[in-house]
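Peer 1: Got query16.txt for you, compact mmCIF, C-alpha atoms (C1' of nucleotides):
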```
# COMPACT_ATOMS: atom_id res chain seq x y z
CA MET A 1 -17.47 10.51 19.10
CA LEU A 2 -20.24 12.81 17.88
CA THR A 3 -17.71 15.60 17.96
CA GLU A 4 -15.30 13.81 15.61
CA CYS A 5 -18.13 12.92 13.29
CA MET A 6 -19.44 16.45 13.19
CA ALA A 7 -15.92 17.53 12.30
CA VAL A 8 -16.51 15.98 8.89
CA ILE A 9 -18.86 18.78 7.98
CA SER A 10 -17.19 21.51 9.98
CA GLY A 11 -15.33 24.50 8.61
CA ALA A 12 -16.88 27.36 6.74
CA TRP A 13 -18.91 26.37 3.69
CA ALA A 14 -18.17 22.66 3.98
CA PRO A 15 -21.84 21.65 3.96
CA ASN A 16 -22.46 23.98 1.03
CA VAL A 17 -19.65 22.42 -0.96
CA ILE A 18 -20.96 18.93 -0.36
CA TRP A 19 -24.45 20.04 -1.23
CA SER A 20 -23.25 21.66 -4.45
CA LEU A 21 -21.64 18.43 -5.53
CA ARG A 22 -24.78 16.42 -4.94
CA ALA A 23 -25.83 16.45 -8.60
CA GLY A 24 -22.41 15.62 -9.99
CA PRO A 25 -18.88 16.98 -10.42
CA ARG A 26 -18.20 20.70 -10.33
CA ARG A 27 -15.16 22.79 -11.08
CA PHE A 28 -13.50 25.26 -8.77
CA ASN A 29 -14.99 28.35 -10.31
CA GLU A 30 -18.40 26.76 -10.59
CA LEU A 31 -18.35 26.18 -6.88
CA ARG A 32 -17.43 29.81 -6.33
CA VAL A 33 -20.54 30.78 -8.28
CA ASP A 34 -22.69 28.26 -6.42
CA ILE A 35 -21.54 29.68 -3.09
CA PRO A 36 -20.98 33.38 -3.76
CA PRO A 37 -19.67 34.50 -0.37
CA VAL A 38 -16.86 31.95 -0.21
CA SER A 39 -13.36 33.27 -0.87
CA ALA A 40 -10.89 31.40 -3.07
CA LYS A 41 -8.64 30.83 -0.11
CA VAL A 42 -11.29 29.23 2.04
CA LEU A 43 -12.80 27.22 -0.79
CA SER A 44 -9.39 25.85 -1.61
CA ALA A 45 -8.69 24.99 2.00
CA ARG A 46 -12.06 23.33 2.45
CA LEU A 47 -11.74 21.26 -0.73
CA ARG A 48 -8.38 19.92 0.36
CA GLU A 49 -9.67 19.09 3.81
CA LEU A 50 -12.67 17.28 2.42
CA GLU A 51 -10.45 15.42 0.00
CA GLY A 52 -8.21 14.41 2.88
CA LYS A 53 -11.20 13.09 4.75
CA GLY A 54 -12.32 10.99 1.81
CA VAL A 55 -15.49 12.95 1.21
CA LEU A 56 -14.59 14.02 -2.30
CA VAL A 57 -12.00 13.45 -4.99
CA ARG A 58 -10.17 15.89 -7.18
CA HIS A 59 -9.33 15.16 -10.78
CA VAL A 60 -7.24 17.48 -12.80
CA ARG A 61 -7.92 17.61 -16.49
CA ARG A 62 -4.73 18.31 -18.46
CA THR A 63 -6.27 20.84 -20.80
CA SER A 64 -5.20 24.37 -21.20
CA PRO A 65 -5.76 26.08 -19.02
CA PRO A 66 -5.98 22.93 -16.90
CA SER A 67 -9.35 22.47 -15.26
CA THR A 68 -10.12 20.65 -12.08
CA GLU A 69 -13.19 18.71 -11.14
CA TYR A 70 -14.38 17.81 -7.69
CA GLU A 71 -16.72 14.93 -7.12
CA LEU A 72 -18.25 13.28 -4.08
CA THR A 73 -16.99 9.84 -3.19
CA ARG A 74 -19.48 7.12 -2.38
CA LEU A 75 -18.89 7.85 1.30
CA GLY A 76 -19.30 11.57 0.71
CA ALA A 77 -22.62 10.92 -0.97
CA GLU A 78 -23.79 9.25 2.22
CA LEU A 79 -23.68 12.63 3.90
CA LEU A 80 -26.44 13.93 1.68
CA PRO A 81 -29.37 12.39 3.55
CA ALA A 82 -27.97 13.82 6.78
CA LEU A 83 -27.69 17.29 5.26
CA ASP A 84 -31.14 16.93 3.82
CA ALA A 85 -32.54 16.02 7.21
CA ILE A 86 -30.91 19.09 8.73
CA ILE A 87 -32.38 21.28 6.02
CA GLN A 88 -35.85 19.89 6.63
CA VAL A 89 -35.75 20.51 10.37
CA GLY A 90 -34.15 23.87 9.81
CA HIS A 91 -37.11 24.89 7.70
CA ARG A 92 -39.59 23.76 10.29
CA LEU A 93 -37.76 25.55 13.07
CA LYS A 94 -37.75 28.76 11.10
CA THR A 95 -41.44 28.39 10.41
CA ALA A 96 -42.11 27.74 14.09
CA GLU A 97 -40.08 30.80 14.99
CA ALA A 98 -42.06 32.94 12.56
CA ASP A 99 -45.29 31.63 14.07
CA ARG A 100 -44.08 32.51 17.54
CA ASP A 101 -43.27 36.03 16.39
CA ALA A 102 -46.72 36.30 14.87
CA LEU A 103 -48.42 35.29 18.11
CA PRO A 104 -47.24 37.81 20.71
CA GLU A 105 -48.69 35.75 23.54
CA ASP A 106 -50.92 38.26 25.26
CA VAL A 107 -51.05 41.58 23.51
CA SER A 108 -54.79 40.91 23.17
CA SER A 109 -56.08 44.23 24.48
CA ALA A 110 -53.90 45.12 27.45
CA MET K 1 -30.58 28.28 3.10
CA LEU K 2 -28.37 25.34 4.04
CA THR K 3 -26.26 27.78 5.99
CA GLU K 4 -29.15 28.99 8.12
CA CYS K 5 -30.26 25.44 8.72
CA MET K 6 -26.82 24.33 9.76
CA ALA K 7 -26.81 27.23 12.18
CA VAL K 8 -29.32 25.29 14.24
CA ILE K 9 -26.66 22.84 15.30
CA SER K 10 -23.74 25.22 15.26
CA GLY K 11 -21.86 26.50 18.24
CA ALA K 12 -19.57 24.45 20.42
CA TRP K 13 -21.17 21.35 21.93
CA ALA K 14 -24.62 22.03 20.46
CA PRO K 15 -24.86 18.63 18.79
CA ASN K 16 -23.64 16.97 21.97
CA VAL K 17 -26.28 18.71 24.04
CA ILE K 18 -29.03 17.62 21.68
CA TRP K 19 -27.67 14.12 21.63
CA SER K 20 -27.54 14.01 25.43
CA LEU K 21 -31.18 14.94 25.64
CA ARG K 22 -32.23 12.21 23.23
CA ALA K 23 -33.28 9.82 25.98
CA GLY K 24 -35.20 12.37 28.03
CA PRO K 25 -34.76 15.47 30.18
CA ARG K 26 -31.43 16.25 31.81
CA ARG K 27 -30.35 18.80 34.36
CA PHE K 28 -27.59 21.35 33.96
CA ASN K 29 -25.00 19.47 35.96
CA GLU K 30 -25.94 16.18 34.36
CA LEU K 31 -25.16 17.69 30.99
CA ARG K 32 -21.81 18.88 32.30
CA VAL K 33 -21.03 15.29 33.26
CA ASP K 34 -22.29 13.97 29.93
CA ILE K 35 -20.02 16.38 28.08
CA PRO K 36 -16.97 16.76 30.30
CA PRO K 37 -15.00 19.36 28.32
CA VAL K 38 -17.83 21.90 28.19
CA SER K 39 -17.54 24.87 30.51
CA ALA K 40 -20.47 26.25 32.49
CA LYS K 41 -20.33 29.46 30.50
CA VAL K 42 -20.57 27.80 27.12
CA LEU K 43 -23.12 25.23 28.20
CA SER K 44 -25.29 28.00 29.56
CA ALA K 45 -24.94 30.04 26.37
CA ARG K 46 -25.68 27.06 24.17
CA LEU K 47 -28.75 26.03 26.15
CA ARG K 48 -30.21 29.51 25.89
CA GLU K 49 -29.53 29.64 22.18
CA LEU K 50 -31.13 26.27 21.58
CA GLU K 51 -34.08 27.32 23.69
CA GLY K 52 -34.42 30.48 21.62
CA LYS K 53 -34.42 28.41 18.46
CA GLY K 54 -37.16 26.16 19.74
CA VAL K 55 -34.99 23.08 19.91
CA LEU K 56 -35.40 22.54 23.63
CA VAL K 57 -37.36 23.83 26.60
CA ARG K 58 -36.24 24.72 30.08
CA HIS K 59 -38.32 24.01 33.14
CA VAL K 60 -37.29 25.22 36.51
CA ARG K 61 -38.34 23.15 39.47
CA ARG K 62 -38.95 25.33 42.51
CA THR K 63 -37.19 23.09 44.99
CA SER K 64 -34.28 24.04 47.10
CA PRO K 65 -31.83 24.49 45.70
CA PRO K 66 -33.96 24.99 42.58
CA SER K 67 -33.18 22.51 39.83
CA THR K 68 -33.59 22.97 36.14
CA GLU K 69 -34.48 20.48 33.49
CA TYR K 70 -33.86 20.73 29.78
CA GLU K 71 -35.86 18.70 27.34
CA LEU K 72 -36.04 18.46 23.56
CA THR K 73 -39.11 19.85 21.88
CA ARG K 74 -40.83 17.80 19.24
CA LEU K 75 -38.99 19.83 16.63
CA GLY K 76 -35.71 19.34 18.45
CA ALA K 77 -36.27 15.60 18.44
CA GLU K 78 -36.47 15.73 14.68
CA LEU K 79 -32.80 16.62 14.61
CA LEU K 80 -31.88 13.24 16.06
CA PRO K 81 -32.07 11.25 12.82
CA ALA K 82 -29.89 13.85 11.14
CA LEU K 83 -27.31 13.64 13.91
CA ASP K 84 -27.50 9.89 13.78
CA ALA K 85 -26.86 9.93 10.05
CA ILE K 86 -23.82 12.13 10.55
CA ILE K 87 -22.50 9.78 13.21
CA GLN K 88 -22.90 6.79 10.91
CA VAL K 89 -21.04 8.38 8.01
CA GLY K 90 -18.44 9.77 10.39
CA HIS K 91 -17.70 6.25 11.54
CA ARG K 92 -17.36 4.95 8.04
CA LEU K 93 -15.09 7.80 7.01
CA LYS K 94 -12.84 7.15 9.97
CA THR K 95 -12.72 3.47 9.11
CA ALA K 96 -11.91 4.28 5.50
CA GLU K 97 -9.17 6.60 6.66
CA ALA K 98 -7.67 3.91 8.86
CA ASP K 99 -7.75 1.48 5.94
CA ARG K 100 -5.96 3.98 3.75
CA ASP K 101 -3.27 4.40 6.40
CA ALA K 102 -2.90 0.65 6.59
CA LEU K 103 -2.39 0.30 2.83
CA PRO K 104 0.64 2.48 2.02
CA GLU K 105 -0.01 2.23 -1.71
CA ASP K 106 3.25 0.75 -2.99
CA VAL K 107 5.71 -0.02 -0.24
CA SER K 108 5.54 -3.63 -1.48
CA SER K 109 9.28 -4.33 -1.66
CA ALA K 110 10.84 -1.26 -3.17
C1' DA U 1 -22.54 31.13 61.56
C1' DA U 2 -20.55 28.81 58.09
C1' DA U 3 -20.47 25.60 54.58
C1' DT U 4 -23.00 23.27 50.80
C1' DG U 5 -25.18 22.66 46.41
C1' DA U 6 -27.63 23.92 42.02
C1' DG U 7 -27.39 26.80 38.43
C1' DG U 8 -25.73 30.04 36.71
C1' DT U 9 -23.04 35.12 35.46
C1' DT U 10 -19.09 38.13 34.64
C1' DA U 11 -14.52 39.68 33.28
C1' DC U 12 -10.67 38.78 30.86
C1' DC U 13 -7.68 36.53 27.55
C1' DA U 14 -6.14 33.99 23.50
C1' DC U 15 -6.27 32.02 19.22
C1' DA U 16 -8.06 29.65 15.22
C1' DG U 17 -10.12 30.60 11.34
C1' DA U 18 -12.26 33.64 8.01
C1' DG U 19 -11.97 37.62 4.74
C1' DA U 20 -9.67 40.79 1.28
C1' DA U 21 -6.52 41.55 -2.06
C1' DA U 22 -2.62 40.82 -4.63
C1' DC U 23 0.42 37.52 -6.80
C1' DT U 24 1.64 33.00 -9.50
C1' DT U 25 1.90 29.58 -13.49
C1' DG U 26 1.75 28.18 -18.12
C1' DG U 27 -0.46 27.54 -22.27
C1' DT U 28 -3.62 30.30 -25.71
C1' DT U 29 -5.44 33.70 -28.32
C1' DA U 30 -5.74 38.40 -30.19
C1' DT I 1 3.95 40.66 -26.90
C1' DA I 2 0.48 41.48 -24.18
C1' DA I 3 -3.68 40.27 -22.18
C1' DC I 4 -6.40 36.24 -20.47
C1' DC I 5 -7.96 32.16 -18.55
C1' DA I 6 -8.34 28.51 -14.57
C1' DA I 7 -7.01 27.42 -10.36
C1' DG I 8 -4.98 28.28 -6.84
C1' DT I 9 -1.40 30.44 -3.05
C1' DT I 10 0.31 33.95 0.02
C1' DT I 11 0.17 37.69 3.28
C1' DC I 12 -1.88 40.29 6.46
C1' DT I 13 -5.42 41.63 9.38
C1' DC I 14 -9.24 41.16 12.43
C1' DT I 15 -13.12 39.33 14.96
C1' DG I 16 -15.94 35.72 17.07
C1' DT I 17 -15.74 32.09 19.98
C1' DG I 18 -14.44 29.48 23.39
C1' DG I 19 -11.64 28.62 27.74
C1' DT I 20 -10.44 29.86 32.73
C1' DA I 21 -11.52 31.31 36.91
C1' DA I 22 -13.77 33.86 40.16
C1' DC I 23 -18.07 35.42 41.87
C1' DC I 24 -23.34 35.32 42.99
C1' DT I 25 -28.02 33.77 45.25
C1' DC I 26 -30.77 31.63 48.45
C1' DA I 27 -32.57 27.99 51.13
C1' DT I 28 -30.99 24.15 53.69
C1' DT I 29 -27.96 21.43 56.53
C1' DT I 30 -24.31 20.93 60.09
```
For the structure just supplied, provide its representation as structure tokens.
Peer 2:
Amino acid sequence: MLTECMAVISGAWAPNVIWSLRAGPRRFNELRVDIPPVSAKVLSARLRELEGKGVLVRHVRRTSPPSTEYELTRLGAELLPALDAIIQVGHRLKTAEADRDALPEDVSSA
Amino acid sequence: MLTECMAVISGAWAPNVIWSLRAGPRRFNELRVDIPPVSAKVLSARLRELEGKGVLVRHVRRTSPPSTEYELTRLGAELLPALDAIIQVGHRLKTAEADRDALPEDVSSA
DNA sequence: AAATGAGGTTACCACAGAGAAACTTGGTTA
DNA sequence: TAACCAAGTTTCTCTGTGGTAACCTCATTT
């Protein structure tokens, strides 16, 4: 069960995409700027997967050139607190790790 | 930043391991039973990674044969609400998906 | 003396998934 | 008429990761 649920945010850059959409709709190329290391191919794949899962919606604007906007669904927005929680703990774990590195246990004076 | 934080729960079965430890310490073979599809190799690798990250601790009991217990650290326990949040949204997304499948848009009466 | 059990390790293989780069479409502007 | 834009798609390659299965240790039990 956990495994299926985790699958919602699996795949490269999926959490980043969701996080980038937290403040409102973004277009394809805006997302590429938000998440520099993502390739067009993978971003495209991830967006379609997330759309298929009901996390976000795609609306194409019939301008020229046509532009596309991606936006979190209500359900997708419910992932934000979870991501936020992960970020918070992640920070604390990194801090703890740094502290450990700074306290080499017993190098006192050999 | 998000990426590094997500790394804490990345790797096959990592979330499952953390979730299995939520109610208290577990031994190696208990975890294998909790998470049937995990292989000894991967479970071992994951446990050492999570230990290295400060998510859990290992204590070896000098019995015979020696037994080993794994337990969440305080920091590790802080991941539980995040996992729980993911599980909740995962459920709702699956439900929504099922509903979509059950409402084939316009098959009304052709 | 051989089998058992806990808790692993090692060697080897396979494949999904990510990256890079080039190509596409169709209207617009220079 | 040629370049340009957004938003992808396609091909091809390559590596990390996980799976399988066999092996290991060492004290205890049979």
Peer 1: One decimal, in Å: what's the spacing between atom CA of A:Gly90 and atom CA of K:Ala40?
Peer 2: 26.6 Å
Peer 1: Set the distance at 12 Å and use only C-alpha atoms (C1' of nucleotides): which residues neighbour I:DT30 once local chain neighbours fewer than 5 positions away are removed? I'd like the list as a PDB file with C-alpha atoms (C1' of nucleotides), in the coordinates of the input.
Peer 2:
```pdb
ATOM      1  C1'  DA U   1     -22.540  31.130  61.560  1.00  0.00           C
ATOM      2  C1'  DA U   2     -20.550  28.810  58.090  1.00  0.00           C
ATOM      3  C1'  DA U   3     -20.470  25.600  54.580  1.00  0.00           C
ATOM      4  C1'  DT U   4     -23.000  23.270  50.800  1.00  0.00           C
TER       5       DT U   4
END
```
Peer 1: Quick one: residues within 7 Å of (-29.2, 32.1, 42.0) (file frame), counting all atoms listed in the file, please, as a ChimeraX atom specification.
Peer 2: /U:7-8 /I:24-26
Peer 1: Please determine, counting all atoms listed in the file, which residue among U:DA14, U:DA6, U:DT29, U:DA20 has the shortest atom-to-atom distance to chain A.
Peer 2: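 The shortest atom-to-atom distance to chain A comes from U:DA20.
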Peer 1: Could you jot down the atom CA of A:Val33 to atom CA of A:Val17 separation for me, Å, one decimal place?
Peer 2: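 Interatomic distance, atom CA of A:Val33 to atom CA of A:Val17: 11.1 Å.
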Peer 1: Output the contact residues of chain I with respect to chain K at a cut-off of 9 Å, based on all atoms listed in the file, as number ranges by chain.
Peer 2: I: 17-20, 26-28
Peer 1: Kindly export the residues of the current selection with C-alpha atoms (C1' of nucleotides), as a PDB file, in the frame of the given file.
Peer 2:
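Below is the file selection.pdb, written as the result:
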```pdb
ATOM      1  C1'  DT I  17     -15.740  32.090  19.980  1.00  0.00           C
ATOM      2  C1'  DG I  18     -14.440  29.480  23.390  1.00  0.00           C
ATOM      3  C1'  DG I  19     -11.640  28.620  27.740  1.00  0.00           C
ATOM      4  C1'  DT I  20     -10.440  29.860  32.730  1.00  0.00           C
ATOM      5  C1'  DC I  26     -30.770  31.630  48.450  1.00  0.00           C
ATOM      6  C1'  DA I  27     -32.570  27.990  51.130  1.00  0.00           C
ATOM      7  C1'  DT I  28     -30.990  24.150  53.690  1.00  0.00           C
TER       8       DT I  28
END
```
Peer 1: With all atoms listed in the file as the atoms that count, which of K:Arg74, K:Arg27, K:Arg22, K:Lys53 lies nearest to chain A?
Peer 2: K:Lys53
Peer 1: Could you list, as a PyMOL selection string, every residue within 12 Å of A:Glu4, counting all atoms listed in the file and ignoring same-chain residues fewer than 6 positions away?
Peer 2: (chain A and resi 10+53) or (chain K and resi 13+15-16+86-94)
Peer 1: Could you please select, counting only C-alpha atoms (C1' of nucleotides), the residues of chain U within 10 Å of chain A and state them as a list in words?
Peer 2: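 Taken together, these residues fit the definition: DG17, DA18, DG19, DA20, DG26, DG27 and DT28 of chain U.
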Peer 1: May I ask for the distance between atom CA of A:Asp101 and atom CA of K:Leu72, given in Å to one decimal place?
Peer 2: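 Distance reported for this atom pair: 20.3 Å.
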Peer 1: Of the candidates K:Glu71, K:Met6, K:Ile18, K:Pro25, which shows the shortest atom-to-atom distance to chain A, using all atoms listed in the file?
Peer 2: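 When distances to chain A are compared using all atoms listed in the file, the smallest one comes from K:Met6.
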Peer 1: Give me, as a VMD selection string, all polymer residues having an atom no more than 10 Å from U:DA30, counting all atoms listed in the file and skipping those fewer than 5 positions away in the same chain.
Peer 2: chain I and resid 2 to 4
Peer 1: Looking at all atoms listed in the file, which of A:Gly24, A:Glu51, A:Val60, A:Leu43 is the one that sits closest to chain K?
Peer 2: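 Using all atoms listed in the file, chain K sits closest to A:Glu51.
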Peer 1: Put the listed atoms of stretch 20-29 of chain U in a box along x, y and z with 6 Å added on every side and give me the centre and edge lengths in Å to one decimal, as AutoDock Vina command-line options.
Peer 2:
```
--center_x -3.9 --center_y 34.5 --center_z -13.5 --size_x 23.6 --size_y 26.0 --size_z 41.6
```
Peer 1: For I:DA7, which of A:Glu30, A:Glu97, A:Asp84, A:Glu49 is the closest residue, counting all atoms listed in the file?
Peer 2: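 Checking each candidate against I:DA7, we get A:Glu30 as the closest.
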Peer 1: From the set A:Gly76, A:Asn29, A:Asp99, A:Leu56, which residue has the shortest atom-to-atom contact distance to chain K, counting all atoms listed in the file?
Peer 2: A:Gly76
Peer 1: With N, CA and C atoms as the goal, would you fill in the gaps in stretch 59-92 of chain A and present it as an mmCIF file, in the coordinates of the input?
Peer 2:
```
data_model
loop_
_atom_site.group_PDB
_atom_site.id
_atom_site.type_symbol
_atom_site.label_atom_id
_atom_site.label_comp_id
_atom_site.auth_asym_id
_atom_site.auth_seq_id
_atom_site.Cartn_x
_atom_site.Cartn_y
_atom_site.Cartn_z
ATOM 1 N N HIS A 59 -10.096 15.601 -9.617
ATOM 2 C CA HIS A 59 -9.330 15.160 -10.780
ATOM 3 C C HIS A 59 -9.018 16.345 -11.672
ATOM 4 N N VAL A 60 -7.741 16.397 -11.988
ATOM 5 C CA VAL A 60 -7.240 17.480 -12.800
ATOM 6 C C VAL A 60 -7.280 17.032 -14.255
ATOM 7 N N ARG A 61 -7.838 17.893 -15.074
ATOM 8 C CA ARG A 61 -7.920 17.610 -16.490
ATOM 9 C C ARG A 61 -6.791 18.374 -17.176
ATOM 10 N N ARG A 62 -5.916 17.673 -17.881
ATOM 11 C CA ARG A 62 -4.730 18.310 -18.460
ATOM 12 C C ARG A 62 -5.067 19.025 -19.753
ATOM 13 N N THR A 63 -5.935 19.998 -19.657
ATOM 14 C CA THR A 63 -6.270 20.840 -20.800
ATOM 15 C C THR A 63 -5.509 22.137 -20.626
ATOM 16 N N SER A 64 -5.846 23.105 -21.447
ATOM 17 C CA SER A 64 -5.200 24.370 -21.200
ATOM 18 C C SER A 64 -6.209 25.504 -21.403
ATOM 19 N N PRO A 65 -6.377 26.283 -20.337
ATOM 20 C CA PRO A 65 -5.760 26.080 -19.020
ATOM 21 C C PRO A 65 -6.309 24.823 -18.354
ATOM 22 N N PRO A 66 -5.521 24.158 -17.548
ATOM 23 C CA PRO A 66 -5.980 22.930 -16.900
ATOM 24 C C PRO A 66 -7.219 23.196 -16.057
ATOM 25 N N SER A 67 -8.158 22.283 -16.093
ATOM 26 C CA SER A 67 -9.350 22.470 -15.260
ATOM 27 C C SER A 67 -9.406 21.328 -14.255
ATOM 28 N N THR A 68 -10.087 21.594 -13.183
ATOM 29 C CA THR A 68 -10.120 20.650 -12.080
ATOM 30 C C THR A 68 -11.564 20.324 -11.762
ATOM 31 N N GLU A 69 -11.838 19.082 -11.538
ATOM 32 C CA GLU A 69 -13.190 18.710 -11.140
ATOM 33 C C GLU A 69 -13.175 18.074 -9.759
ATOM 34 N N TYR A 70 -14.212 18.401 -9.011
ATOM 35 C CA TYR A 70 -14.380 17.810 -7.690
ATOM 36 C C TYR A 70 -15.650 16.997 -7.715
ATOM 37 N N GLU A 71 -15.566 15.830 -7.072
ATOM 38 C CA GLU A 71 -16.720 14.930 -7.120
ATOM 39 C C GLU A 71 -16.834 14.209 -5.780
ATOM 40 N N LEU A 72 -18.059 14.007 -5.327
ATOM 41 C CA LEU A 72 -18.250 13.280 -4.080
ATOM 42 C C LEU A 72 -17.819 11.832 -4.248
ATOM 43 N N THR A 73 -17.226 11.277 -3.207
ATOM 44 C CA THR A 73 -16.990 9.840 -3.190
ATOM 45 C C THR A 73 -18.291 9.160 -2.775
ATOM 46 N N ARG A 74 -18.286 7.843 -2.812
ATOM 47 C CA ARG A 74 -19.480 7.120 -2.380
ATOM 48 C C ARG A 74 -19.778 7.466 -0.921
ATOM 49 N N LEU A 75 -18.722 7.503 -0.116
ATOM 50 C CA LEU A 75 -18.890 7.850 1.300
ATOM 51 C C LEU A 75 -19.409 9.274 1.441
ATOM 52 N N GLY A 76 -18.846 10.176 0.653
ATOM 53 C CA GLY A 76 -19.300 11.570 0.710
ATOM 54 C C GLY A 76 -20.774 11.676 0.394
ATOM 55 N N ALA A 77 -21.211 10.875 -0.570
ATOM 56 C CA ALA A 77 -22.620 10.920 -0.970
ATOM 57 C C ALA A 77 -23.527 10.493 0.180
ATOM 58 N N GLU A 78 -22.975 9.711 1.087
ATOM 59 C CA GLU A 78 -23.790 9.250 2.220
ATOM 60 C C GLU A 78 -24.090 10.379 3.189
ATOM 61 N N LEU A 79 -23.392 11.493 3.043
ATOM 62 C CA LEU A 79 -23.680 12.630 3.900
ATOM 63 C C LEU A 79 -24.939 13.367 3.456
ATOM 64 N N LEU A 80 -25.327 13.146 2.221
ATOM 65 C CA LEU A 80 -26.440 13.930 1.680
ATOM 66 C C LEU A 80 -27.750 13.746 2.436
ATOM 67 N N PRO A 81 -28.119 12.517 2.781
ATOM 68 C CA PRO A 81 -29.370 12.390 3.550
ATOM 69 C C PRO A 81 -29.300 13.134 4.874
ATOM 70 N N ALA A 82 -28.118 13.121 5.498
ATOM 71 C CA ALA A 82 -27.970 13.820 6.780
ATOM 72 C C ALA A 82 -28.171 15.327 6.566
ATOM 73 N N LEU A 83 -27.534 15.858 5.540
ATOM 74 C CA LEU A 83 -27.690 17.290 5.260
ATOM 75 C C LEU A 83 -29.146 17.600 4.937
ATOM 76 N N ASP A 84 -29.748 16.708 4.184
ATOM 77 C CA ASP A 84 -31.140 16.930 3.820
ATOM 78 C C ASP A 84 -32.020 16.966 5.061
ATOM 79 N N ALA A 85 -31.757 16.061 5.970
ATOM 80 C CA ALA A 85 -32.540 16.020 7.210
ATOM 81 C C ALA A 85 -32.377 17.328 7.972
ATOM 82 N N ILE A 86 -31.157 17.831 8.017
ATOM 83 C CA ILE A 86 -30.910 19.090 8.730
ATOM 84 C C ILE A 86 -31.674 20.228 8.064
ATOM 85 N N ILE A 87 -31.657 20.237 6.733
ATOM 86 C CA ILE A 87 -32.380 21.280 6.020
ATOM 87 C C ILE A 87 -33.868 21.235 6.346
ATOM 88 N N GLN A 88 -34.421 20.018 6.346
ATOM 89 C CA GLN A 88 -35.850 19.890 6.630
ATOM 90 C C GLN A 88 -36.196 20.445 8.009
ATOM 91 N N VAL A 89 -35.452 20.036 9.019
ATOM 92 C CA VAL A 89 -35.750 20.510 10.370
ATOM 93 C C VAL A 89 -35.496 22.000 10.469
ATOM 94 N N GLY A 90 -34.450 22.451 9.806
ATOM 95 C CA GLY A 90 -34.150 23.870 9.810
ATOM 96 C C GLY A 90 -35.340 24.687 9.324
ATOM 97 N N HIS A 91 -35.925 24.225 8.233
ATOM 98 C CA HIS A 91 -37.110 24.890 7.700
ATOM 99 C C HIS A 91 -38.216 24.959 8.737
ATOM 100 N N ARG A 92 -38.480 23.815 9.348
ATOM 101 C CA ARG A 92 -39.590 23.760 10.290
ATOM 102 C C ARG A 92 -39.328 24.623 11.506
#
```
